[in-house]
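Scroll down for the structure; my scribbles are underneath it.
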Amino acid sequence: MAPQRKMIVFPTKNELSEAMAEYTANLSAKFIKEKGLFTVVLSGGDQIDWLCKLVQPPYIDSIEWSKWHVFWVDERVCAWEDPDSNYKLAMEGFLSKVPIPDKNIYAIDKHLAADGNAEHCATLYEECLKNLVKEKIIPISKKTGYPEFDLQLLGMGPDGHMASLFPNHPQINEKQKWVTYITDSPKPPPKRITFTLPVINSTLYNLMAICDKAPAKSVAEIMKHNNLSLPSAHLSAQVENVWYLDQAAASEL
Ligand SMILES: O=C(O)[C@H](O)[C@@H](O)[C@H](O)[C@H](O)COP(=O)(O)O
C-alpha cells in the first residue's frame, strides 16, 4: 500500500528551505549508516535555490558528501553550459560548493545533449542507471521491480507537471522504460529527458517542494480533488510522499 500524501505548510520560503535541508541531511545520515552511500535525485526549477542551506553550517561540515550519488529526475537536452541546463543550475548553485566526487554525479550525456538528440540521451541515461544497478549503487526494489533511489527532490509547475511529465502528454503512461523523452515540452525548452512515473514512485522518500502563488490552483486541485489529470497527483513513494508548501502555494486550500 503506497504511503498517504503528507503536506506541511511553512510560513516562509526560508523556513521551507531549512526544513528541506534538515530532511535531506537526516536521510543522508540514515542511508550512509545503513549502506554506506546515499542516492539523491534532483530536479530543476527553483529547487536548487532552496538547497542553499545544505552548503552552510551545520550541514556543510556534517554531511558525508563523498558518499553521495547524484542524479536528475529530468534534464533539458542542451549543452551543459546552456542556461537552460539543470546540470548547470545544480552545479553552480550547489554541487560546486560541496565535495561530492565528480564520478558520483550522473549528468545527461554532454555531447548528445549538445547535439539535441533527446531519444538517444534518454537511452544512454537509462543504460547509465542499469550499469549502476550492476555496480550495486542502485538496488532494484523487490516491491516495485524498478530502480530504488533513496531521496528525490521534486518541484511542480503551475500546470501540475512534475519532472518532465506534463498534462495531456503520453510520457506519464510509459511503464517499460526507466527514462523517456519529450520534444514538445509546454515548459521551454521543448526537448527533455525524464524519469518515468514508475521510477519516480519507486523512490523511497519523495519530497515535493512548492512555493509561490502560480502553482496554488494545481495544489488545490490535487490536495482537495486528487485531480489525476495533473501528473503531480500521481506522485507516490515506497516510504514517504511529503509535500512542503509555502503559504502562497497553499493559498487556495
Ligand atoms: O526541468 C524542469 O523544468 C523541472 O524539473 C521542473 O519539473 C520543475 O521542477 C518544475 O517546473 C517546477 O519548477 P519551479 O520550481 O521553477 O516552479
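If you're wondering about the labels, chains in the C-alpha cells are A, B, ... by order shown, residues count from 1 in each chain, ligands from 1 in order shown.
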
List all protein, DNA and RNA residues that have an atom no more than 10 Å from any atom of ligand 1, counting only C-alpha atoms and all ligand atoms, and report them as an MDAnalysis selection string. chainID A and resid 42:50 72:76 84:87 153:166 185 187:189 192:194 208:212 214:215 232

DSSP strand (DSSP E) selection over stretch 38-95 of chain A, as a count of residues only: 13

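One finds atom CA of A:Ile108 at 11.1 Å from atom CA of A:Lys88.
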
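Using only C-alpha atoms, the smallest distance between any of A:Thr180, A:Ser236, A:Asn26, A:Gln152 and A:Glu127 comes from A:Thr180.
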
Secondary structure check, helix (DSSP H, G or I) residues of stretch 13-241 of chain A, as a PyMOL selection string: chain A and resi 13-35+47-55+59-62+65-67+86-93+95-97+102-104+110-115+118-134+170-173+197-202+216-225+231-234

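Using only C-alpha atoms, the residues found no farther than 12 Å from A:Leu95, other than those of its own chain fewer than 5 positions away, are Leu42, Ile48, Asp49, Leu51, Cys52, Leu54, Val55, Ile60, Trp65, Ser66, Trp68, His69, Val70, Phe71, Asn86, Tyr87, Lys88, Leu89, Ala90, Ile100, Pro101, Asp102, Asn104, Ile105, Tyr106 and Ala107 of chain A.
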
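Minimum distance to A:Phe94 across A:Glu81, A:Lys53, A:Thr123, A:Ser141 (counting only C-alpha atoms) occurs at A:Lys53.
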